[in-house]
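Student: Dropping the structure in here first, questions after.
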Amino acid sequence: MAKPKLASVWLEACAGCHMSFLDIDERIVDLLGKVELTATPITDIKIFPEVEVGVIEGALGNEEELHLAKELRERCKILIAWGDCAVFGGINCMRNFMPAEQVLKEGYVDTASTVNPDGVLPRQDLPALLPQAIPVDRAVKVDVYVPGCPPDADTIYYVFSEILEGRIPTVPTDIMRYD
Ligand code: SF4
């Protein structure tokens, strides 16, 4: 029987959740015996095929991220929101207290390390910002929530193991750690 396929993407995120996935260490060999990694930051394949499991790390903060979240949702059977940014919006939501235009100015003009005397804001080179950064389930249906910043490796392994056993997991509170 063909192995179930998995695709993952990081959106408005720091990549820490994918790093935590790699922290499952040698269990990754066991996992790769049971699933086929397709489009992920790990394989650097960018086009999502049809998959059984889709994973989103990160919040949605611009039009491109919104598009990618909808595309992965359409192409997977089970969608996992992975990490506090995907589940709650995370640190990305700090910018929700100011208009999008001011966010760009903060990032591209006012930051102490930026040299931009003419105050030019990037327009065509960047996907348009959404009015606010939002958690994934504000835009698409999420089947499994895995909070944590990042979720620890044991939690990630538990979630994948449960899904491979045919169960939709709810992460038990006693295996969620934030230390
Ligand atoms: S949840 Fe934490 S580790 Fe994961 S992308 Fe967000 S900030 Fe990074």
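Labeling convention for the structure tokens: chains A, B, ... as they appear, residues from 1 per chain, ligands from 1 in order of appearance.
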Do a neighbour search on Asp25 in chain A at 12 Å with only C-alpha atoms, toss out local chain neighbours closer than 5 positions, and write the hits as JSON, numbers by chain.
Tutor: {"A": [19, 20, 30, 31, 32, 152, 153, 154, 156, 157]}
Student: Write out the residues from the selection above, keeping all heavy atoms, as a CSV table (one decimal), in the first residue's frame.
Tutor:
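Result went into result20.csv, see below:
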chain,number,residue,atom,x,y,z
A,19,MET,N,12.0,23.2,13.0
A,19,MET,CA,13.2,22.8,13.7
A,19,MET,C,12.8,21.8,14.7
A,19,MET,O,13.6,20.8,15.0
A,19,MET,CB,13.9,24.0,14.3
A,19,MET,CG,14.5,25.0,13.3
A,19,MET,SD,15.7,24.2,12.1
A,19,MET,CE,14.8,24.4,10.6
A,20,SER,N,11.7,22.0,15.4
A,20,SER,CA,11.3,21.1,16.5
A,20,SER,C,10.9,19.8,15.9
A,20,SER,O,11.1,18.7,16.5
A,20,SER,CB,10.1,21.7,17.2
A,20,SER,OG,9.9,21.2,18.5
A,30,ASP,N,11.9,6.2,11.5
A,30,ASP,CA,10.7,5.4,11.7
A,30,ASP,C,9.5,6.1,10.9
A,30,ASP,O,8.8,5.5,10.2
A,30,ASP,CB,10.4,5.3,13.2
A,30,ASP,CG,9.1,4.6,13.4
A,30,ASP,OD1,8.8,3.6,12.8
A,30,ASP,OD2,8.3,5.1,14.3
A,31,LEU,N,9.4,7.4,11.1
A,31,LEU,CA,8.3,8.2,10.5
A,31,LEU,C,8.4,8.1,9.0
A,31,LEU,O,7.4,7.9,8.3
A,31,LEU,CB,8.3,9.6,11.0
A,31,LEU,CG,7.1,10.4,10.8
A,31,LEU,CD1,5.9,9.8,11.5
A,31,LEU,CD2,7.3,11.8,11.3
A,32,LEU,N,9.6,8.3,8.5
A,32,LEU,CA,9.8,8.3,7.0
A,32,LEU,C,9.5,6.9,6.4
A,32,LEU,O,9.3,6.8,5.2
A,32,LEU,CB,11.2,8.8,6.6
A,32,LEU,CG,11.3,10.3,6.9
A,32,LEU,CD1,12.7,10.8,6.5
A,32,LEU,CD2,10.3,11.2,6.1
A,152,ASP,N,6.9,20.8,21.3
A,152,ASP,CA,8.1,20.0,21.4
A,152,ASP,C,8.0,18.8,20.6
A,152,ASP,O,7.0,18.4,20.0
A,152,ASP,CB,8.5,19.8,22.9
A,152,ASP,CG,7.6,18.7,23.6
A,152,ASP,OD1,6.9,18.0,22.8
A,152,ASP,OD2,7.6,18.7,24.8
A,153,ALA,N,9.2,18.2,20.4
A,153,ALA,CA,9.4,17.1,19.4
A,153,ALA,C,8.5,15.9,19.8
A,153,ALA,O,7.9,15.3,18.9
A,153,ALA,CB,10.8,16.7,19.4
A,154,ASP,N,8.4,15.6,21.1
A,154,ASP,CA,7.5,14.5,21.5
A,154,ASP,C,6.1,14.7,21.2
A,154,ASP,O,5.4,13.8,20.8
A,154,ASP,CB,7.6,14.3,23.1
A,154,ASP,CG,9.0,13.7,23.4
A,154,ASP,OD1,9.7,13.2,22.6
A,154,ASP,OD2,9.4,13.9,24.6
A,156,ILE,N,4.9,16.6,18.7
A,156,ILE,CA,4.8,16.4,17.2
A,156,ILE,C,4.8,15.0,16.8
A,156,ILE,O,4.0,14.5,16.0
A,156,ILE,CB,6.0,17.2,16.5
A,156,ILE,CG1,5.8,18.7,16.7
A,156,ILE,CG2,6.1,16.8,15.0
A,156,ILE,CD1,7.1,19.5,16.3
A,157,TYR,N,5.7,14.2,17.4
A,157,TYR,CA,5.7,12.8,17.1
A,157,TYR,C,4.4,12.1,17.5
A,157,TYR,O,3.9,11.2,16.8
A,157,TYR,CB,6.9,12.1,17.8
A,157,TYR,CG,7.1,10.7,17.3
A,157,TYR,CD1,7.6,10.4,16.1
A,157,TYR,CD2,6.8,9.6,18.2
A,157,TYR,CE1,7.8,9.1,15.7
A,157,TYR,CE2,6.9,8.3,17.8
A,157,TYR,CZ,7.4,8.0,16.5
A,157,TYR,OH,7.6,6.7,16.1
Student: Find the residues near Ile80 in chain A: any atom within 9 Å, counting only C-alpha atoms, skip ones fewer than 6 places away on the same chain, and give them as a compact mmCIF listing (two decimals) with all heavy atoms, in the first residue's frame.
Tutor:
# COMPACT_ATOMS: atom_id res chain seq x y z
N VAL A 53 -2.05 14.45 4.70
CA VAL A 53 -1.84 15.35 5.84
C VAL A 53 -1.13 16.63 5.38
O VAL A 53 -0.08 16.56 4.73
CB VAL A 53 -0.98 14.67 6.93
CG1 VAL A 53 -0.82 15.60 8.14
CG2 VAL A 53 -1.60 13.35 7.36
N GLY A 54 -1.72 17.76 5.72
CA GLY A 54 -1.08 19.06 5.48
C GLY A 54 -0.77 19.71 6.82
O GLY A 54 -1.54 19.58 7.77
N VAL A 55 0.37 20.40 6.89
CA VAL A 55 0.79 21.05 8.12
C VAL A 55 1.11 22.50 7.81
O VAL A 55 1.86 22.78 6.88
CB VAL A 55 2.06 20.37 8.69
CG1 VAL A 55 2.52 21.08 9.97
CG2 VAL A 55 1.84 18.89 8.96
N ILE A 56 0.54 23.41 8.61
CA ILE A 56 0.87 24.82 8.45
C ILE A 56 1.55 25.32 9.71
O ILE A 56 1.01 25.23 10.81
CB ILE A 56 -0.37 25.68 8.16
CG1 ILE A 56 -0.97 25.30 6.80
CG2 ILE A 56 0.00 27.17 8.17
CD1 ILE A 56 -2.21 26.10 6.42
N GLU A 57 2.76 25.84 9.53
CA GLU A 57 3.44 26.60 10.58
C GLU A 57 3.27 28.08 10.24
O GLU A 57 3.50 28.49 9.10
CB GLU A 57 4.94 26.25 10.60
CG GLU A 57 5.75 27.21 11.47
CD GLU A 57 7.26 27.03 11.33
OE1 GLU A 57 7.73 25.89 11.16
OE2 GLU A 57 7.97 28.05 11.40
N ALA A 86 0.43 29.54 14.17
CA ALA A 86 -0.66 29.00 13.34
C ALA A 86 -1.95 28.90 14.14
O ALA A 86 -3.04 29.18 13.64
CB ALA A 86 -0.26 27.64 12.79
N VAL A 142 -9.43 23.98 10.19
CA VAL A 142 -8.30 23.25 10.77
C VAL A 142 -8.84 22.01 11.47
O VAL A 142 -9.86 22.07 12.17
CB VAL A 142 -7.54 24.15 11.78
CG1 VAL A 142 -6.55 23.35 12.62
CG2 VAL A 142 -6.82 25.28 11.04
N ASP A 143 -8.17 20.88 11.29
CA ASP A 143 -8.64 19.62 11.91
C ASP A 143 -7.91 19.31 13.21
O ASP A 143 -8.47 18.70 14.11
CB ASP A 143 -8.43 18.46 10.92
CG ASP A 143 -9.16 18.71 9.63
OD1 ASP A 143 -10.40 18.82 9.66
OD2 ASP A 143 -8.51 18.82 8.58
N VAL A 144 -6.64 19.68 13.30
CA VAL A 144 -5.84 19.34 14.48
C VAL A 144 -5.05 20.58 14.90
O VAL A 144 -4.39 21.21 14.07
CB VAL A 144 -4.86 18.19 14.18
CG1 VAL A 144 -4.04 17.84 15.42
CG2 VAL A 144 -5.59 16.96 13.66
N TYR A 145 -5.12 20.91 16.19
CA TYR A 145 -4.39 22.05 16.73
C TYR A 145 -3.23 21.53 17.58
O TYR A 145 -3.44 20.72 18.49
CB TYR A 145 -5.31 22.91 17.60
CG TYR A 145 -6.42 23.58 16.84
CD1 TYR A 145 -7.63 22.92 16.60
CD2 TYR A 145 -6.27 24.87 16.34
CE1 TYR A 145 -8.66 23.54 15.89
CE2 TYR A 145 -7.29 25.50 15.64
CZ TYR A 145 -8.48 24.83 15.42
OH TYR A 145 -9.50 25.44 14.72
N VAL A 146 -2.04 22.04 17.30
CA VAL A 146 -0.86 21.64 18.08
C VAL A 146 -0.18 22.91 18.58
O VAL A 146 0.73 23.45 17.94
CB VAL A 146 0.12 20.81 17.23
CG1 VAL A 146 1.23 20.24 18.12
CG2 VAL A 146 -0.59 19.68 16.50
Student: I need the helix (DSSP H, G or I) residues of range 11-50 of chain A per DSSP on the backbone, written as a list in words.
Tutor: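 The helix (DSSP H, G or I) residues within range 11-50 of chain A come out as Gly16, Cys17, His18, Met19, Ser20, Phe21, Leu22, Arg27, Ile28, Val29, Asp30, Leu31 and Leu32 of chain A.
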Student: Generate a file of the selected residues that holds C-alpha atoms, formatted as a tab-separated table (two decimals), in the first residue's frame.
Tutor:
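Result file out.tsv:
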chain	number	residue	atom	x	y	z
A	16	GLY	CA	11.16	27.06	14.86
A	17	CYS	CA	8.27	24.61	14.55
A	18	HIS	CA	9.96	22.81	11.66
A	19	MET	CA	13.20	22.79	13.65
A	20	SER	CA	11.30	21.12	16.48
A	21	PHE	CA	10.08	18.50	14.00
A	22	LEU	CA	13.72	17.70	13.21
A	27	ARG	CA	12.37	8.68	15.18
A	28	ILE	CA	12.31	10.55	11.88
A	29	VAL	CA	13.62	7.38	10.25
A	30	ASP	CA	10.68	5.44	11.65
A	31	LEU	CA	8.30	8.15	10.50
A	32	LEU	CA	9.76	8.31	7.00
Student: Give me the residues within 9 Å of Ala133 in chain A as a PyMOL selection string, counting only C-alpha atoms and dropping any in the same chain fewer than 5 places off.
Tutor: chain A and resi 12+59-62+89-90+92-96
Student: Dump N, CA and C atoms for the selected residues as a PDB file, in the first residue's frame?
Tutor:
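New file out28.pdb:
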ATOM      1  N   GLU A  12       3.795  32.897   8.054  1.00  0.00           N
ATOM      2  CA  GLU A  12       4.347  33.981   8.876  1.00  0.00           C
ATOM      3  C   GLU A  12       4.913  33.341  10.138  1.00  0.00           C
ATOM      4  N   ALA A  59       1.333  32.138  11.131  1.00  0.00           N
ATOM      5  CA  ALA A  59       0.067  32.855  10.957  1.00  0.00           C
ATOM      6  C   ALA A  59      -0.076  33.265   9.488  1.00  0.00           C
ATOM      7  N   LEU A  60      -1.190  33.922   9.185  1.00  0.00           N
ATOM      8  CA  LEU A  60      -1.427  34.447   7.849  1.00  0.00           C
ATOM      9  C   LEU A  60      -1.366  35.970   7.939  1.00  0.00           C
ATOM     10  N   GLY A  61      -0.417  36.543   7.226  1.00  0.00           N
ATOM     11  CA  GLY A  61      -0.244  37.996   7.315  1.00  0.00           C
ATOM     12  C   GLY A  61      -0.282  38.714   5.989  1.00  0.00           C
ATOM     13  N   ASN A  62      -0.214  37.958   4.898  1.00  0.00           N
ATOM     14  CA  ASN A  62      -0.293  38.628   3.597  1.00  0.00           C
ATOM     15  C   ASN A  62      -1.049  37.743   2.596  1.00  0.00           C
ATOM     16  N   GLY A  89      -2.072  32.919  16.137  1.00  0.00           N
ATOM     17  CA  GLY A  89      -1.553  34.123  15.489  1.00  0.00           C
ATOM     18  C   GLY A  89      -0.163  34.472  15.998  1.00  0.00           C
ATOM     19  N   GLY A  90       0.078  34.172  17.273  1.00  0.00           N
ATOM     20  CA  GLY A  90       1.417  34.312  17.855  1.00  0.00           C
ATOM     21  C   GLY A  90       1.935  35.743  17.844  1.00  0.00           C
ATOM     22  N   ASN A  92       3.187  37.415  15.633  1.00  0.00           N
ATOM     23  CA  ASN A  92       2.845  38.201  14.430  1.00  0.00           C
ATOM     24  C   ASN A  92       1.727  39.202  14.708  1.00  0.00           C
ATOM     25  N   CYS A  93       0.886  38.870  15.694  1.00  0.00           N
ATOM     26  CA  CYS A  93      -0.279  39.725  15.977  1.00  0.00           C
ATOM     27  C   CYS A  93       0.112  41.028  16.676  1.00  0.00           C
ATOM     28  N   MET A  94       1.375  41.169  17.056  1.00  0.00           N
ATOM     29  CA  MET A  94       1.797  42.452  17.636  1.00  0.00           C
ATOM     30  C   MET A  94       1.548  43.593  16.665  1.00  0.00           C
ATOM     31  N   ARG A  95       1.571  43.289  15.374  1.00  0.00           N
ATOM     32  CA  ARG A  95       1.397  44.369  14.396  1.00  0.00           C
ATOM     33  C   ARG A  95      -0.076  44.731  14.176  1.00  0.00           C
ATOM     34  N   ASN A  96      -0.976  43.987  14.826  1.00  0.00           N
ATOM     35  CA  ASN A  96      -2.402  44.250  14.620  1.00  0.00           C
ATOM     36  C   ASN A  96      -2.882  45.537  15.280  1.00  0.00           C
TER      37      ASN A  96
END
Student: Find the residue from A:Val140, A:Val103, A:Gln132, A:Asp44 that sits nearest to Ile78 in chain A; use only C-alpha atoms when measuring.
Tutor: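 Result for the nearest residue to Ile78 in chain A: A:Val140.
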Student: Skipping near chain neighbours, those fewer than 4 positions away, what residues fall within 9 Å of Glu63 in chain A using only C-alpha atoms, listed as a ChimeraX atom specification?
Tutor: /A:67-68,127-130
Student: If you keep all heavy atoms, can you produce a file of those selected residues as an mmCIF file, in the first residue's frame?
Tutor:
data_model
loop_
_atom_site.group_PDB
_atom_site.id
_atom_site.type_symbol
_atom_site.label_atom_id
_atom_site.label_comp_id
_atom_site.auth_asym_id
_atom_site.auth_seq_id
_atom_site.Cartn_x
_atom_site.Cartn_y
_atom_site.Cartn_z
ATOM 1 N N HIS A 67 -3.214 32.641 0.276
ATOM 2 C CA HIS A 67 -3.363 31.772 -0.894
ATOM 3 C C HIS A 67 -2.779 30.376 -0.614
ATOM 4 O O HIS A 67 -3.408 29.357 -0.918
ATOM 5 C CB HIS A 67 -2.668 32.419 -2.092
ATOM 6 C CG HIS A 67 -2.508 31.509 -3.258
ATOM 7 N ND1 HIS A 67 -3.558 31.213 -4.118
ATOM 8 C CD2 HIS A 67 -1.449 30.789 -3.702
ATOM 9 C CE1 HIS A 67 -3.139 30.365 -5.035
ATOM 10 N NE2 HIS A 67 -1.872 30.081 -4.814
ATOM 11 N N LEU A 68 -1.584 30.338 -0.008
ATOM 12 C CA LEU A 68 -0.943 29.040 0.254
ATOM 13 C C LEU A 68 -1.756 28.216 1.254
ATOM 14 O O LEU A 68 -1.893 27.000 1.110
ATOM 15 C CB LEU A 68 0.477 29.254 0.775
ATOM 16 C CG LEU A 68 1.484 29.715 -0.275
ATOM 17 C CD1 LEU A 68 2.791 30.162 0.383
ATOM 18 C CD2 LEU A 68 1.760 28.594 -1.284
ATOM 19 N N PRO A 127 4.020 40.678 -1.459
ATOM 20 C CA PRO A 127 2.576 40.403 -1.424
ATOM 21 C C PRO A 127 1.891 41.422 -0.515
ATOM 22 O O PRO A 127 2.476 41.825 0.497
ATOM 23 C CB PRO A 127 2.486 38.994 -0.827
ATOM 24 C CG PRO A 127 3.870 38.478 -0.726
ATOM 25 C CD PRO A 127 4.825 39.616 -0.856
ATOM 26 N N ALA A 128 0.703 41.841 -0.872
ATOM 27 C CA ALA A 128 -0.011 42.833 -0.067
ATOM 28 C C ALA A 128 -0.277 42.288 1.335
ATOM 29 O O ALA A 128 -0.672 41.121 1.497
ATOM 30 C CB ALA A 128 -1.323 43.192 -0.748
ATOM 31 N N LEU A 129 -0.058 43.146 2.334
ATOM 32 C CA LEU A 129 -0.361 42.742 3.711
ATOM 33 C C LEU A 129 -1.868 42.615 3.889
ATOM 34 O O LEU A 129 -2.642 43.411 3.355
ATOM 35 C CB LEU A 129 0.161 43.781 4.695
ATOM 36 C CG LEU A 129 1.670 43.869 4.934
ATOM 37 C CD1 LEU A 129 1.968 44.960 5.958
ATOM 38 C CD2 LEU A 129 2.223 42.538 5.419
ATOM 39 N N LEU A 130 -2.286 41.627 4.655
ATOM 40 C CA LEU A 130 -3.676 41.585 5.122
ATOM 41 C C LEU A 130 -3.829 42.684 6.173
ATOM 42 O O LEU A 130 -2.844 43.115 6.784
ATOM 43 C CB LEU A 130 -3.989 40.217 5.737
ATOM 44 C CG LEU A 130 -3.826 39.000 4.811
ATOM 45 C CD1 LEU A 130 -4.094 37.706 5.588
ATOM 46 C CD2 LEU A 130 -4.733 39.110 3.613
#
